[in-house]
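Heads up: the structure comes next, in structure tokens.
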Amino acid sequence: MSGAAQGRFLTGSTMGHVVRMTATGAFGITFVFLVDALNLFWLSYLGEPQLVAAIGFAYAIQFFSVSSGIGLMIAGTAMISQTIGRGDREEARATAGASIAMATIIQFFVALLVFLFRHDLIALAGAEGETARLAARYLGMTVFSLVPMAISMQLSGALRADGFGAKAMYVTLFSGLTLLVVDPILIVTMGLGLDGAAYGLILFRFLLVGFAVVFAIRQENLVAMPDRACFERMLAPFFAIAVPTIATQMATPFGNYLLTRVIAQFGDDAVAAWAVVSRLTVLVFGGIFSLSGAIGGIFGQNFGAGYIDRLKSTYRDALVFCLIYTLVAWALLFFAAPYVALAFDLDGQGAEVLQAFMTIGIGGFVFIGALFVSNAAFNNLGKPTRSTILNWFNHGVLSWPSAMGLALLFGAPGVIYGQAVAGTVTGLFAVIWGWKYVQSLQPSTQIPERTPRVHPNPDRYRIR
């Protein structure tokens with residue numbers, strides 16, 4: 001098996017690890033969302049705002065399913081990295097295999113529920129008429145591709161847990177490059193429109209699995225076929241992390257779902273701008289969104305090894321990185337608003353929504369980034385329920401009334417302002433709570449030392 005016997009994050013500069021893992025994670029996820037934004041661009045190129053609005057509604061629904069997959073990935077990454085920190089490589093490989101199996105089963109049933117109730121969910125989101133029909137069609141075509149995506153997430157999580165940040169990046173980079181070429185052909189050249197966008201997304205998710213298998217299994221052999229004993233060992237601890245982290249991840253699409261309903265009352269132009277803002281958010285702040293997953297392995301390995309001082313420095317360094325990243329992004333996008341509006345053919349109310357995001361809304365990410373750092377710490381250091389509390393406080397308690405109130409005062413841009421207010425309040429609380437928890441950790445609070453399990457015939461578990 002390639003890679004050092006000792007975990008890669010147990011030595012060296014924690015800031016170096018944070019920057020390296022976040023940079024590779026950010027580049028991969030940012031490229032994917034760049035392709036996703038171009039997907040919207042090609043649809044808007046057709047001159048039918050209903051297509052872009054339909055994608056916006058479908059995105060709000062599918063966000064729930066993607067978020068459940070992310071929660072499962074966080075649980076798998078935490079368990080794998082902690083096991084590596086304890087020095088048990090073979091157990092880490094078997095844990096990765098069991099995580100893949102459980103995530104696949106769970107995501108299949110999630111996709112099935114979304115498929116069966118897609119029309120009702122789209123209606124609840126506020127879509128009507130032809131826009132609702134198009135959104136339901138797109139959702140029905142693409143939702144089952146969440147199953148291969150869940151597999152790729154677990155494999156990418158295993159790569160990050162073991163320090164292979166660049167290879168986790170390649171999984172999304174190579175898949176995204178393919179979609180970059182295919183999307184305009186399907187949507188514009190072949191005239192498939194919304195169906196072409198759906199076919200491209202399905203292809204992209206299967207490519208993710210293919211590249212993830214190459215890097216995580218074929219090259220690095222990070223996955224083993226788990227036996228029944230492995231499932232029994234990890235079932236309880238896996239779901240002890242997975243259940244609250246899934247609940248945590250669900251908070252974001254729930255909040256997005258409510259805000260989509262609020263902005264839907266202002267018409268398709270506002271919803272189309274909201275769809276653009278959603279893509280720009282994940283595109284520009286890919287580094288922030290990837291931060292939580294990227295540094296999870298750093299926390300997990302050092303937590304498993306009992307290196308408490310390195311946990312503290314990781315938390316601090318992640319906050320510093322987040323602050324610098326967000327301020328630079330804010331400064332750049334402040335001047336880019338008119339060019340983005342022109343590129344996506346947004347005017348009137350849609351342009352106002354975009355302008356509100358570019359000038360005020362982005363500022364909230366200074367504090368939302370701190371929330372992501374705190375989430376990573378809590379999820380990987382034994383307190384995942386705290387992340388759940390924080391995220392539901394933000395998206396389930398604060399964001400909707402803030403958006404409703406400010407929308408009454410400012411119209412559609414008020415939704416952006418309300419989102420920023422909620423993120424600022426929650427982020428301030430999260431960073432203080434997370435810092436106090438990390439500072440309180442002592443060697444006695446970490447996972448007990450465990451002698452690595454002896455595997456008399458490890459080749460039996462090798463996936464070739």
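Just remember, in the structure tokens the first chain shown is A, the second B, etc., residues are 1-based per chain, and ligands are 1-based in the order shown.
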Name all residues at most 12 Å from Leu441 (chain A) (count only C-alpha atoms; drop same-chain ones fewer than 5 positions away) and give them as JSON, numbers by chain.
{"A": [303, 306, 307, 308, 309, 310, 311, 312, 377, 378, 381, 382, 383, 434, 435, 436, 446, 447]}
In terms of only C-alpha atoms, the residue from A:Phe211, A:Tyr59, A:Tyr257, A:Tyr315 at minimal distance from Val438 (chain A) is A:Tyr315
From the set A:Ala229, A:Ile389, A:Ile151, A:Ala54, which residue has the shortest atom-to-atom contact distance to Trp274 (chain A), counting only C-alpha atoms?
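Checking each candidate against Trp274 (chain A), we get A:Ala54 as the closest.
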Considering only C-alpha atoms, return as a PyMOL selection string whatever protein or nucleic-acid residues lie within 12 Å of Val214 (chain A), sequence-local ones (same chain, fewer than 5 positions apart) excluded.
chain A and resi 152+155-156+159+167-168+170-171+174+207-209+219-223+463-464
With only C-alpha atoms as the basis for distance, which of A:Thr83, A:Gln154, A:Thr426, A:Thr142 is at the shortest distance from Phe372 (chain A)?
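Answer, going by the shortest atom-to-atom distance: A:Thr426.
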Give me, please, the distance in Å between CA of Ser402 (chain A) and CA of Gly418 (chain A), quoted to one decimal.
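Separating CA of Ser402 (chain A) from CA of Gly418 (chain A) is a distance of 4.4 Å.
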At a cut-off of 9 Å, using only C-alpha atoms, what residues contact Gln355 (chain A)? Leave out same-chain residues fewer than 4 positions from it and give the result as JSON, numbers by chain.
{"A": [334, 337, 338, 341, 350, 351, 359, 360, 361, 413]}
Nearby residues (only C-alpha atoms) at most 12 Å from Leu406 (chain A), same-chain spacing under 3 positions excluded, as a short mmCIF file (atom, residue, chain, number, x, y, z; two decimals) with N, CA and C atoms, in the first residue's frame:
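Output file result.cif is given in full below:
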data_model
loop_
_atom_site.label_atom_id
_atom_site.label_comp_id
_atom_site.auth_asym_id
_atom_site.auth_seq_id
_atom_site.Cartn_x
_atom_site.Cartn_y
_atom_site.Cartn_z
N LEU A 259 -35.99 30.26 1.38
CA LEU A 259 -35.67 31.53 0.73
C LEU A 259 -36.11 31.53 -0.73
N VAL A 262 -39.60 32.52 -0.72
CA VAL A 262 -39.76 33.95 -0.49
C VAL A 262 -39.51 34.73 -1.78
N ILE A 263 -38.43 34.37 -2.48
CA ILE A 263 -38.07 35.14 -3.67
C ILE A 263 -38.97 34.79 -4.85
N SER A 399 -32.70 32.74 9.19
CA SER A 399 -32.65 33.23 7.81
C SER A 399 -34.03 33.56 7.24
N TRP A 400 -35.04 32.70 7.49
CA TRP A 400 -36.35 32.95 6.89
C TRP A 400 -37.01 34.22 7.42
N PRO A 401 -37.12 34.40 8.75
CA PRO A 401 -37.74 35.66 9.20
C PRO A 401 -36.93 36.89 8.82
N SER A 402 -35.59 36.76 8.80
CA SER A 402 -34.77 37.90 8.36
C SER A 402 -35.05 38.25 6.91
N ALA A 403 -35.12 37.22 6.05
CA ALA A 403 -35.38 37.45 4.63
C ALA A 403 -36.79 38.01 4.42
N LEU A 409 -39.13 45.38 3.16
CA LEU A 409 -38.54 46.71 3.08
C LEU A 409 -37.85 46.99 1.76
N PHE A 410 -37.14 45.96 1.22
CA PHE A 410 -36.28 46.19 0.06
C PHE A 410 -36.69 45.41 -1.18
N GLY A 411 -37.78 44.63 -1.09
CA GLY A 411 -38.16 43.81 -2.22
C GLY A 411 -37.28 42.56 -2.33
N ALA A 412 -37.10 42.03 -3.54
CA ALA A 412 -36.32 40.81 -3.74
C ALA A 412 -34.90 40.89 -3.17
N PRO A 413 -34.17 42.02 -3.29
CA PRO A 413 -32.83 42.07 -2.69
C PRO A 413 -32.82 41.85 -1.18
N GLY A 414 -33.96 42.08 -0.52
CA GLY A 414 -34.04 41.87 0.92
C GLY A 414 -33.77 40.42 1.31
N VAL A 415 -34.05 39.47 0.41
CA VAL A 415 -33.76 38.06 0.68
C VAL A 415 -32.25 37.87 0.85
N ILE A 416 -31.48 38.53 0.01
CA ILE A 416 -30.01 38.47 0.11
C ILE A 416 -29.55 39.08 1.42
N TYR A 417 -30.12 40.23 1.78
CA TYR A 417 -29.73 40.90 3.03
C TYR A 417 -30.06 40.04 4.24
N GLY A 418 -31.23 39.41 4.22
CA GLY A 418 -31.62 38.56 5.34
C GLY A 418 -30.70 37.37 5.52
N GLN A 419 -30.29 36.78 4.41
CA GLN A 419 -29.36 35.66 4.46
C GLN A 419 -28.03 36.08 5.08
N ALA A 420 -27.56 37.26 4.73
CA ALA A 420 -26.29 37.76 5.26
C ALA A 420 -26.38 38.05 6.76
N VAL A 421 -27.50 38.61 7.20
CA VAL A 421 -27.68 38.90 8.62
C VAL A 421 -27.66 37.62 9.45
N ALA A 422 -28.39 36.60 8.98
CA ALA A 422 -28.43 35.33 9.71
C ALA A 422 -27.05 34.69 9.78
#
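Using only C-alpha atoms, the nearest neighbour of Val373 (chain A) within the list A:Met149, A:Ala430, A:Leu390, A:Met358 is A:Ala430.
Distance-wise, CA of Gly71 (chain A) and CA of Asn375 (chain A) end up 11.4 Å apart.
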For Ile122 (chain A), list every protein, DNA or RNA residue within 12 Å, evaluated using only C-alpha atoms, and leave out those in the same chain fewer than 5 positions away; present the list as a PyMOL selection string.
chain A and resi 53-62+114-117+127-140+257+260-261+264
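Counting from CA of Val66 (chain A), the distance to CA of Leu333 (chain A) is 26.8 Å.
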Using only C-alpha atoms, which residues of region 21-83 of chain A come within 7 Å of region 292-302 of chain A, and what is the closest atom pair for each, with the distance in Å to one decimal? Give it as CSV, sorted by chain and residue number.
residue,atom,partner,partner_atom,distance
A:Met21,CA,A:Ala294,CA,5.4
A:Thr22,CA,A:Ala294,CA,5.3
A:Gly25,CA,A:Ala294,CA,6.2
A:Ile74,CA,A:Gly293,CA,6.6
A:Thr77,CA,A:Gly297,CA,6.5
A:Ala78,CA,A:Gly300,CA,5.5
A:Ser81,CA,A:Gln301,CA,4.9
A:Gln82,CA,A:Gly300,CA,4.7
Using N, CA and C atoms, can you export the residues from the last selection as a short mmCIF file (atom, residue, chain, number, x, y, z; two decimals), in the first residue's frame?
data_model
loop_
_atom_site.label_atom_id
_atom_site.label_comp_id
_atom_site.auth_asym_id
_atom_site.auth_seq_id
_atom_site.Cartn_x
_atom_site.Cartn_y
_atom_site.Cartn_z
N MET A 21 -4.63 21.28 1.66
CA MET A 21 -5.86 20.51 1.51
C MET A 21 -7.02 21.39 1.05
N THR A 22 -7.09 22.62 1.58
CA THR A 22 -8.18 23.50 1.18
C THR A 22 -8.00 23.98 -0.26
N GLY A 25 -8.94 21.13 -2.51
CA GLY A 25 -10.38 20.95 -2.43
C GLY A 25 -11.12 22.07 -3.10
N ILE A 74 -18.77 13.06 5.35
CA ILE A 74 -18.10 13.61 6.52
C ILE A 74 -17.93 12.53 7.58
N THR A 77 -15.18 10.11 6.38
CA THR A 77 -13.86 10.74 6.48
C THR A 77 -13.38 10.82 7.91
N ALA A 78 -14.29 11.17 8.83
CA ALA A 78 -13.92 11.27 10.24
C ALA A 78 -13.45 9.92 10.78
N SER A 81 -10.01 8.84 9.06
CA SER A 81 -8.86 9.62 9.50
C SER A 81 -8.50 9.33 10.96
N GLN A 82 -9.50 9.14 11.81
CA GLN A 82 -9.21 8.81 13.20
C GLN A 82 -8.52 7.45 13.31
#
Nearest to Val282 (chain A) by atom-to-atom distance, counting only C-alpha atoms, from A:Phe231, A:Tyr437, A:Phe365, A:Phe64
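Comparing A:Phe231, A:Tyr437, A:Phe365, A:Phe64 against Val282 (chain A), the winner is A:Phe365.
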Restricting the calculation to only C-alpha atoms: of A:Ile70, A:Ala150, A:Thr11, A:Glu91, which residue gets closest to Ile105 (chain A)?
A:Ala150
So which residues touch Ala236 (chain A) within 12 Å, counting only C-alpha atoms, skipping near sequence neighbours fewer than 6 positions away, as a ChimeraX atom specification?
/A:75,79,230,242-243
